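Text of query.cif (mmCIF, C-alpha atoms (C1' of nucleotides)) as supplied:
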data_entry
#
loop_
_atom_site.group_PDB
_atom_site.id
_atom_site.type_symbol
_atom_site.label_atom_id
_atom_site.label_comp_id
_atom_site.auth_asym_id
_atom_site.auth_seq_id
_atom_site.Cartn_x
_atom_site.Cartn_y
_atom_site.Cartn_z
ATOM 1 C CA MET Q 53 98.738 160.411 67.772
ATOM 2 C CA LYS Q 54 95.228 161.740 67.397
ATOM 3 C CA VAL Q 55 93.497 162.963 70.524
ATOM 4 C CA ASP Q 56 90.750 160.585 71.581
ATOM 5 C CA GLN Q 57 87.233 161.962 71.160
ATOM 6 C CA SER Q 58 86.537 161.344 74.847
ATOM 7 C CA PHE Q 59 88.910 164.209 75.657
ATOM 8 C CA PHE Q 60 86.424 166.670 74.166
ATOM 9 C CA LEU Q 61 83.515 165.329 76.231
ATOM 10 C CA HIS Q 62 85.059 166.619 79.453
ATOM 11 C CA ARG Q 63 82.509 168.603 81.424
ATOM 12 C CA ASN Q 64 84.854 171.402 82.394
ATOM 13 C CA VAL Q 65 85.507 173.525 79.335
ATOM 14 C CA THR Q 66 88.278 175.549 80.985
ATOM 15 C CA THR Q 67 90.193 172.335 81.676
ATOM 16 C CA VAL Q 68 89.962 171.366 78.027
ATOM 17 C CA ALA Q 69 90.998 174.869 76.961
ATOM 18 C CA LYS Q 70 94.120 174.638 79.141
ATOM 19 C CA GLN Q 71 94.995 171.110 78.075
ATOM 20 C CA LEU Q 72 94.703 172.033 74.405
ATOM 21 C CA LEU Q 73 97.763 174.261 74.781
ATOM 22 C CA GLY Q 74 100.731 172.400 73.314
ATOM 23 C CA LYS Q 75 98.588 170.087 71.210
ATOM 24 C CA ILE Q 76 98.757 170.158 67.413
ATOM 25 C CA LEU Q 77 95.981 171.284 65.102
ATOM 26 C CA VAL Q 78 96.216 169.625 61.701
ATOM 27 C CA THR Q 79 94.165 170.179 58.550
ATOM 28 C CA LYS Q 80 94.291 168.322 55.267
ATOM 29 C CA ILE Q 81 92.438 170.349 52.685
ATOM 30 C CA GLY Q 82 92.688 169.114 49.132
ATOM 31 C CA ARG Q 83 95.748 166.932 49.925
ATOM 32 C CA LYS Q 84 97.556 169.883 51.474
ATOM 33 C CA ILE Q 85 98.568 169.339 55.080
ATOM 34 C CA THR Q 86 99.107 172.234 57.432
ATOM 35 C CA ALA Q 87 99.747 172.011 61.168
ATOM 36 C CA GLY Q 88 100.529 174.212 64.128
ATOM 37 C CA VAL Q 89 100.985 174.043 67.884
ATOM 38 C CA ILE Q 90 98.072 175.552 69.813
ATOM 39 C CA VAL Q 91 99.399 178.365 72.006
ATOM 40 C CA GLU Q 92 96.300 180.390 72.864
ATOM 41 C CA THR Q 93 92.700 179.411 73.597
ATOM 42 C CA GLU Q 94 89.530 180.803 75.121
ATOM 43 C CA ALA Q 95 86.823 178.829 76.924
ATOM 44 C CA TYR Q 96 83.126 179.549 76.404
ATOM 45 C CA SER Q 97 80.475 177.973 78.607
ATOM 46 C CA HIS Q 98 76.784 177.947 77.738
ATOM 47 C CA ARG Q 99 76.154 179.243 81.254
ATOM 48 C CA GLU Q 100 77.803 182.636 80.817
ATOM 49 C CA LYS Q 101 76.945 185.620 78.682
ATOM 50 C CA GLY Q 102 80.087 185.539 76.556
ATOM 51 C CA SER Q 103 78.953 182.381 74.800
ATOM 52 C CA HIS Q 104 76.974 182.232 71.581
ATOM 53 C CA ALA Q 105 74.996 179.441 73.235
ATOM 54 C CA PHE Q 106 73.911 181.484 76.257
ATOM 55 C CA LYS Q 107 70.536 182.426 74.766
ATOM 56 C CA GLY Q 108 69.836 178.974 73.439
ATOM 57 C CA MET Q 109 70.139 177.185 70.133
ATOM 58 C CA THR Q 110 70.014 179.028 66.819
ATOM 59 C CA LYS Q 111 70.833 178.015 63.279
ATOM 60 C CA ARG Q 112 74.374 179.294 63.680
ATOM 61 C CA ASN Q 113 75.327 177.697 66.997
ATOM 62 C CA GLU Q 114 73.435 174.450 66.462
ATOM 63 C CA VAL Q 115 76.528 172.236 66.410
ATOM 64 C CA MET Q 116 77.544 173.470 69.859
ATOM 65 C CA PHE Q 117 74.563 171.606 71.293
ATOM 66 C CA GLY Q 118 75.742 168.220 70.090
ATOM 67 C CA ASP Q 119 78.437 166.056 71.678
ATOM 68 C CA GLY Q 120 81.921 167.551 71.947
ATOM 69 C CA GLY Q 121 84.619 166.741 69.422
ATOM 70 C CA VAL Q 122 83.356 168.649 66.408
ATOM 71 C CA ALA Q 123 84.341 171.951 64.834
ATOM 72 C CA TYR Q 124 82.230 175.070 65.272
ATOM 73 C CA VAL Q 125 83.113 177.577 62.562
ATOM 74 C CA TYR Q 126 81.332 180.866 61.993
ATOM 75 C CA LEU Q 127 81.923 184.155 60.208
ATOM 76 C CA CYS Q 128 82.804 187.157 62.329
ATOM 77 C CA TYR Q 129 82.567 190.811 61.265
ATOM 78 C CA GLY Q 130 81.697 189.621 57.790
ATOM 79 C CA VAL Q 131 85.348 188.804 57.145
ATOM 80 C CA HIS Q 132 86.905 186.258 59.475
ATOM 81 C CA GLU Q 133 86.184 182.603 59.923
ATOM 82 C CA MET Q 134 86.543 181.599 63.571
ATOM 83 C CA PHE Q 135 87.476 178.072 64.556
ATOM 84 C CA ASN Q 136 86.189 176.550 67.796
ATOM 85 C CA ILE Q 137 86.213 173.067 69.243
ATOM 86 C CA VAL Q 138 82.894 171.969 70.742
ATOM 87 C CA THR Q 139 83.292 170.327 74.146
ATOM 88 C CA ASN Q 140 81.106 168.653 76.776
ATOM 89 C CA LYS Q 141 78.180 166.332 76.205
ATOM 90 C CA LYS Q 142 75.092 166.767 74.108
ATOM 91 C CA SER Q 143 72.990 169.816 75.143
ATOM 92 C CA LYS Q 144 75.868 171.190 77.252
ATOM 93 C CA ALA Q 145 76.912 173.699 74.622
ATOM 94 C CA ASP Q 146 80.512 174.537 75.525
ATOM 95 C CA ALA Q 147 83.334 175.391 73.155
ATOM 96 C CA VAL Q 148 86.968 176.437 72.995
ATOM 97 C CA LEU Q 149 88.044 179.144 70.570
ATOM 98 C CA ILE Q 150 91.491 178.530 69.120
ATOM 99 C CA ARG Q 151 93.147 181.937 69.110
ATOM 100 C CA ALA Q 152 96.745 181.332 68.083
ATOM 101 C CA LEU Q 153 99.145 178.715 66.752
ATOM 102 C CA GLU Q 154 102.836 178.324 66.178
ATOM 103 C CA PRO Q 155 103.167 177.131 62.569
ATOM 104 C CA LEU Q 156 104.677 173.657 62.268
ATOM 105 C CA ASN Q 157 104.046 172.109 58.847
ATOM 106 C CA GLY Q 158 102.897 173.383 55.481
ATOM 107 C CA ILE Q 159 104.105 176.906 56.033
ATOM 108 C CA GLU Q 160 104.407 177.448 52.271
ATOM 109 C CA MET Q 161 100.722 176.602 51.919
ATOM 110 C CA MET Q 162 99.801 178.958 54.769
ATOM 111 C CA LEU Q 163 101.675 181.820 53.145
ATOM 112 C CA GLU Q 164 99.863 181.175 49.908
ATOM 113 C CA ARG Q 165 96.452 181.169 51.599
ATOM 114 C CA VAL Q 166 97.135 184.354 53.528
ATOM 115 C CA LYS Q 167 98.858 185.895 50.514
ATOM 116 C CA THR Q 168 101.971 187.018 52.276
ATOM 117 C CA THR Q 169 105.628 186.072 52.180
ATOM 118 C CA SER Q 170 106.471 186.566 55.826
ATOM 119 C CA PRO Q 171 105.770 183.603 58.112
ATOM 120 C CA LYS Q 172 106.010 185.952 61.085
ATOM 121 C CA ARG Q 173 102.746 186.093 63.053
ATOM 122 C CA ILE Q 174 100.922 184.303 60.274
ATOM 123 C CA THR Q 175 98.744 182.363 62.728
ATOM 124 C CA SER Q 176 98.730 184.883 65.571
ATOM 125 C CA GLY Q 177 94.973 185.534 65.710
ATOM 126 C CA PRO Q 178 91.771 183.499 65.369
ATOM 127 C CA GLY Q 179 90.801 184.899 61.966
ATOM 128 C CA LYS Q 180 94.298 184.600 60.589
ATOM 129 C CA LEU Q 181 94.957 181.065 61.742
ATOM 130 C CA ALA Q 182 91.688 179.829 60.239
ATOM 131 C CA LYS Q 183 92.627 181.383 56.934
ATOM 132 C CA ALA Q 184 96.173 179.997 57.049
ATOM 133 C CA MET Q 185 94.906 176.509 57.898
ATOM 134 C CA GLY Q 186 92.240 176.603 55.186
ATOM 135 C CA ILE Q 187 89.409 176.420 57.717
ATOM 136 C CA ASP Q 188 86.045 177.829 56.701
ATOM 137 C CA ARG Q 189 82.365 177.272 57.393
ATOM 138 C CA LYS Q 190 82.317 174.143 55.252
ATOM 139 C CA LEU Q 191 84.028 172.474 58.202
ATOM 140 C CA ASN Q 192 81.303 173.489 60.648
ATOM 141 C CA GLY Q 193 80.085 170.375 62.450
ATOM 142 C CA LYS Q 194 82.936 168.179 61.171
ATOM 143 C CA LYS Q 195 84.197 165.627 63.652
ATOM 144 C CA LEU Q 196 87.768 166.093 64.760
ATOM 145 C CA ASP Q 197 88.762 162.443 64.401
ATOM 146 C CA GLY Q 198 88.445 162.290 60.630
ATOM 147 C CA ASP Q 199 91.087 162.965 57.994
ATOM 148 C CA ILE Q 200 90.233 166.578 57.160
ATOM 149 C CA ILE Q 201 90.811 168.279 60.488
ATOM 150 C CA TRP Q 202 92.047 166.796 63.729
ATOM 151 C CA ILE Q 203 94.064 167.360 66.920
ATOM 152 C CA GLU Q 204 97.270 165.509 67.746
ATOM 153 C CA ASP Q 205 98.884 164.972 71.112
ATOM 154 C CA HIS Q 206 102.664 164.926 70.994
ATOM 155 C CA GLY Q 207 102.945 164.475 74.738
ATOM 156 C CA ILE Q 208 103.451 168.108 75.571
ATOM 157 C CA LYS Q 209 101.757 169.037 78.819
ATOM 158 C CA LEU Q 210 102.250 172.526 80.161
ATOM 159 C CA LYS Q 211 102.802 173.104 83.851
ATOM 160 C CA PRO Q 212 100.362 175.502 85.518
ATOM 161 C CA SER Q 213 103.198 178.022 85.759
ATOM 162 C CA GLU Q 214 103.580 177.950 81.982
ATOM 163 C CA ILE Q 215 99.976 178.994 81.407
ATOM 164 C CA VAL Q 216 99.085 182.671 81.432
ATOM 165 C CA LYS Q 217 95.450 183.376 82.307
ATOM 166 C CA ASP Q 218 93.667 186.493 81.159
ATOM 167 C CA ALA Q 219 90.243 187.947 80.459
ATOM 168 C CA ARG Q 220 88.768 187.091 77.080
ATOM 169 C CA VAL Q 221 88.889 189.771 74.432
ATOM 170 C CA GLY Q 222 86.224 191.329 72.253
ATOM 171 C CA ILE Q 223 83.231 190.378 74.380
ATOM 172 C CA ASP Q 224 82.298 193.565 76.201
ATOM 173 C CA TYR Q 225 78.653 192.676 75.602
ATOM 174 C CA ALA Q 226 79.047 189.889 78.195
ATOM 175 C CA GLY Q 227 79.114 192.377 81.078
ATOM 176 C CA GLU Q 228 80.730 190.963 84.211
ATOM 177 C CA ASP Q 229 81.323 187.617 82.494
ATOM 178 C CA ALA Q 230 83.834 189.380 80.261
ATOM 179 C CA LEU Q 231 86.077 189.493 83.322
ATOM 180 C CA LEU Q 232 86.349 185.714 83.734
ATOM 181 C CA PRO Q 233 90.008 184.661 83.311
ATOM 182 C CA TRP Q 234 89.166 182.167 80.601
ATOM 183 C CA ARG Q 235 91.797 183.078 78.042
ATOM 184 C CA PHE Q 236 94.776 180.760 78.237
ATOM 185 C CA LYS Q 237 98.131 181.357 76.695
ATOM 186 C CA LYS Q 238 101.417 179.524 76.657
ATOM 187 C CA ALA Q 239 103.939 181.627 78.564
ATOM 188 C CA VAL Q 240 106.716 182.956 76.371
ATOM 189 C CA SER Q 241 109.858 180.964 77.095
ATOM 190 C CA ARG Q 242 113.076 182.804 77.506
ATOM 191 C "C1'" DT Y 57 91.721 204.682 67.281
ATOM 192 C "C1'" DA Y 58 88.559 203.893 63.357
ATOM 193 C "C1'" DC Y 59 86.182 201.145 60.199
ATOM 194 C "C1'" DG Y 60 85.258 197.512 56.528
ATOM 195 C "C1'" DT Y 61 82.238 193.546 55.910
ATOM 196 C "C1'" DG Y 62 78.177 190.384 55.443
ATOM 197 C "C1'" DA Y 63 75.796 186.820 58.085
ATOM 198 C "C1'" DT Y 64 72.879 186.458 61.823
ATOM 199 C "C1'" DC Y 65 69.268 187.283 65.022
ATOM 200 C "C1'" DA Y 66 65.518 189.578 67.364
ATOM 201 C "C1'" DC Y 67 62.195 192.393 66.202
ATOM 202 C "C1'" DG Y 68 57.503 192.711 64.160
ATOM 203 C "C1'" DG X 131 61.485 192.429 55.746
ATOM 204 C "C1'" DT X 132 64.811 195.318 58.383
ATOM 205 C "C1'" DG X 133 68.372 197.109 61.301
ATOM 206 C "C1'" DA X 134 71.824 196.616 64.886
ATOM 207 C "C1'" DT X 135 75.431 194.006 66.078
ATOM 208 C "C1'" DC X 136 79.626 191.322 65.982
ATOM 209 C "C1'" DA X 137 84.530 185.772 70.119
ATOM 210 C "C1'" DC X 138 88.884 190.592 64.149
ATOM 211 C "C1'" DG X 139 92.574 192.637 61.459
ATOM 212 C "C1'" DT X 140 94.862 196.322 59.466
ATOM 213 C "C1'" DA X 141 96.095 200.700 58.523
ATOM 214 C "C1'" DA X 142 97.229 205.178 60.588
#
Using structure tokens, write down the structure that the file contains.
Amino acid sequence: MKVDQSFFLHRNVTTVAKQLLGKILVTKIGRKITAGVIVETEAYSHREKGSHAFKGMTKRNEVMFGDGGVAYVYLCYGVHEMFNIVTNKKSKADAVLIRALEPLNGIEMMLERVKTTSPKRITSGPGKLAKAMGIDRKLNGKKLDGDIIWIEDHGIKLKPSEIVKDARVGIDYAGEDALLPWRFKKAVSR
DNA sequence: TACGTGATCACG
DNA sequence: GTGATCACGTAA
């Protein structure tokens, strides 16, 4: 079933980032459904330098300042669309970057979008998964309880021991805040 | 390790 | 207006 919007209003963005692991991201773009299990996330709080919201509201990060439960999508390096989930209440501009999925449904469609034939690692990075899922800036600000993009809970809850914590990547500009262990990953089962 | 790519933002 | 910068991916 769909995750209730109240889940995204939680005040602790790292908690939401951890609890998103194991949940399902689903998009329905032009009648095509694609879905994948979230296996890697990063938390961004408006109070630390890694966040786009740290220096206040701009045209780009505007949707982060509204209530949680909407998509924040922006273009990175002129090439990649990045998909985030806004969390916390209005004016508390927190967000979770979805960094990796395990493909579940609509793999054919994903392959077509990414223009490859190998499903291996097709959703293994933030830019790639957005492309595979058909997510772009048109979805910026869209609520996650509609019928275009949403999150489902299939009852999977990871134990703390199944969650690998790490420093976030690609944010050297954040200085000491780049060291926060706010990257969460599902441990590889073996 | 190096760089493409284009929107964005902080200047003025 | 303009220029530096960037929450990546891929090739080498």
Residues of chain Y within 7 Å of chain Q, counting only C-alpha atoms (C1' of nucleotides), as a VMD selection string: chain Y and resid 61 to 63
Taking a cut-off of 8 Å and counting only C-alpha atoms (C1' of nucleotides), can you build a table that, for each residue of chain Q near chain X, reports the nearest atom pair and how far apart they are in Å (one decimal), sorted by chain then residue number, as JSON lines?
{"residue": "Q:Gly102", "atom": "CA", "partner": "X:DA137", "partner_atom": "C1'", "distance": 7.8}
{"residue": "Q:Cys128", "atom": "CA", "partner": "X:DC136", "partner_atom": "C1'", "distance": 6.4}
{"residue": "Q:Tyr129", "atom": "CA", "partner": "X:DC136", "partner_atom": "C1'", "distance": 5.6}
{"residue": "Q:His132", "atom": "CA", "partner": "X:DC138", "partner_atom": "C1'", "distance": 6.7}
{"residue": "Q:Leu149", "atom": "CA", "partner": "X:DA137", "partner_atom": "C1'", "distance": 7.5}
{"residue": "Q:Pro178", "atom": "CA", "partner": "X:DC138", "partner_atom": "C1'", "distance": 7.8}
{"residue": "Q:Gly179", "atom": "CA", "partner": "X:DC138", "partner_atom": "C1'", "distance": 6.4}
{"residue": "Q:Val221", "atom": "CA", "partner": "X:DA137", "partner_atom": "C1'", "distance": 7.3}
{"residue": "Q:Gly222", "atom": "CA", "partner": "X:DA137", "partner_atom": "C1'", "distance": 6.2}
{"residue": "Q:Ile223", "atom": "CA", "partner": "X:DA137", "partner_atom": "C1'", "distance": 6.4}
Between CA of Ser103 in chain Q and CA of Gly88 in chain Q - distance in Å to one decimal: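 Atom-to-atom, CA of Gly88 in chain Q to CA of Ser103 in chain Q, that is 25.4 Å.
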Would you pick out the contacts of Glu154 in chain Q at 10 Å or less, using all atoms listed in the file, so that residues sharing its chain but fewer than 3 positions from it are not included, and give the list as a PyMOL selection string? chain Q and resi 74+76-77+87-92+157+172-176+181
Smallest atom-to-atom distance to Ile187 in chain Q: which of Q:Ile150, Q:Leu232, Q:Ile159, Q:Ala95, using only C-alpha atoms? Q:Ile150
Interatomic distance (Å, one decimal) between CA of Val125 in chain Q and CA of Asn113 in chain Q: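 Spanning CA of Val125 in chain Q to CA of Asn113 in chain Q is a straight-line distance of 9.0 Å.
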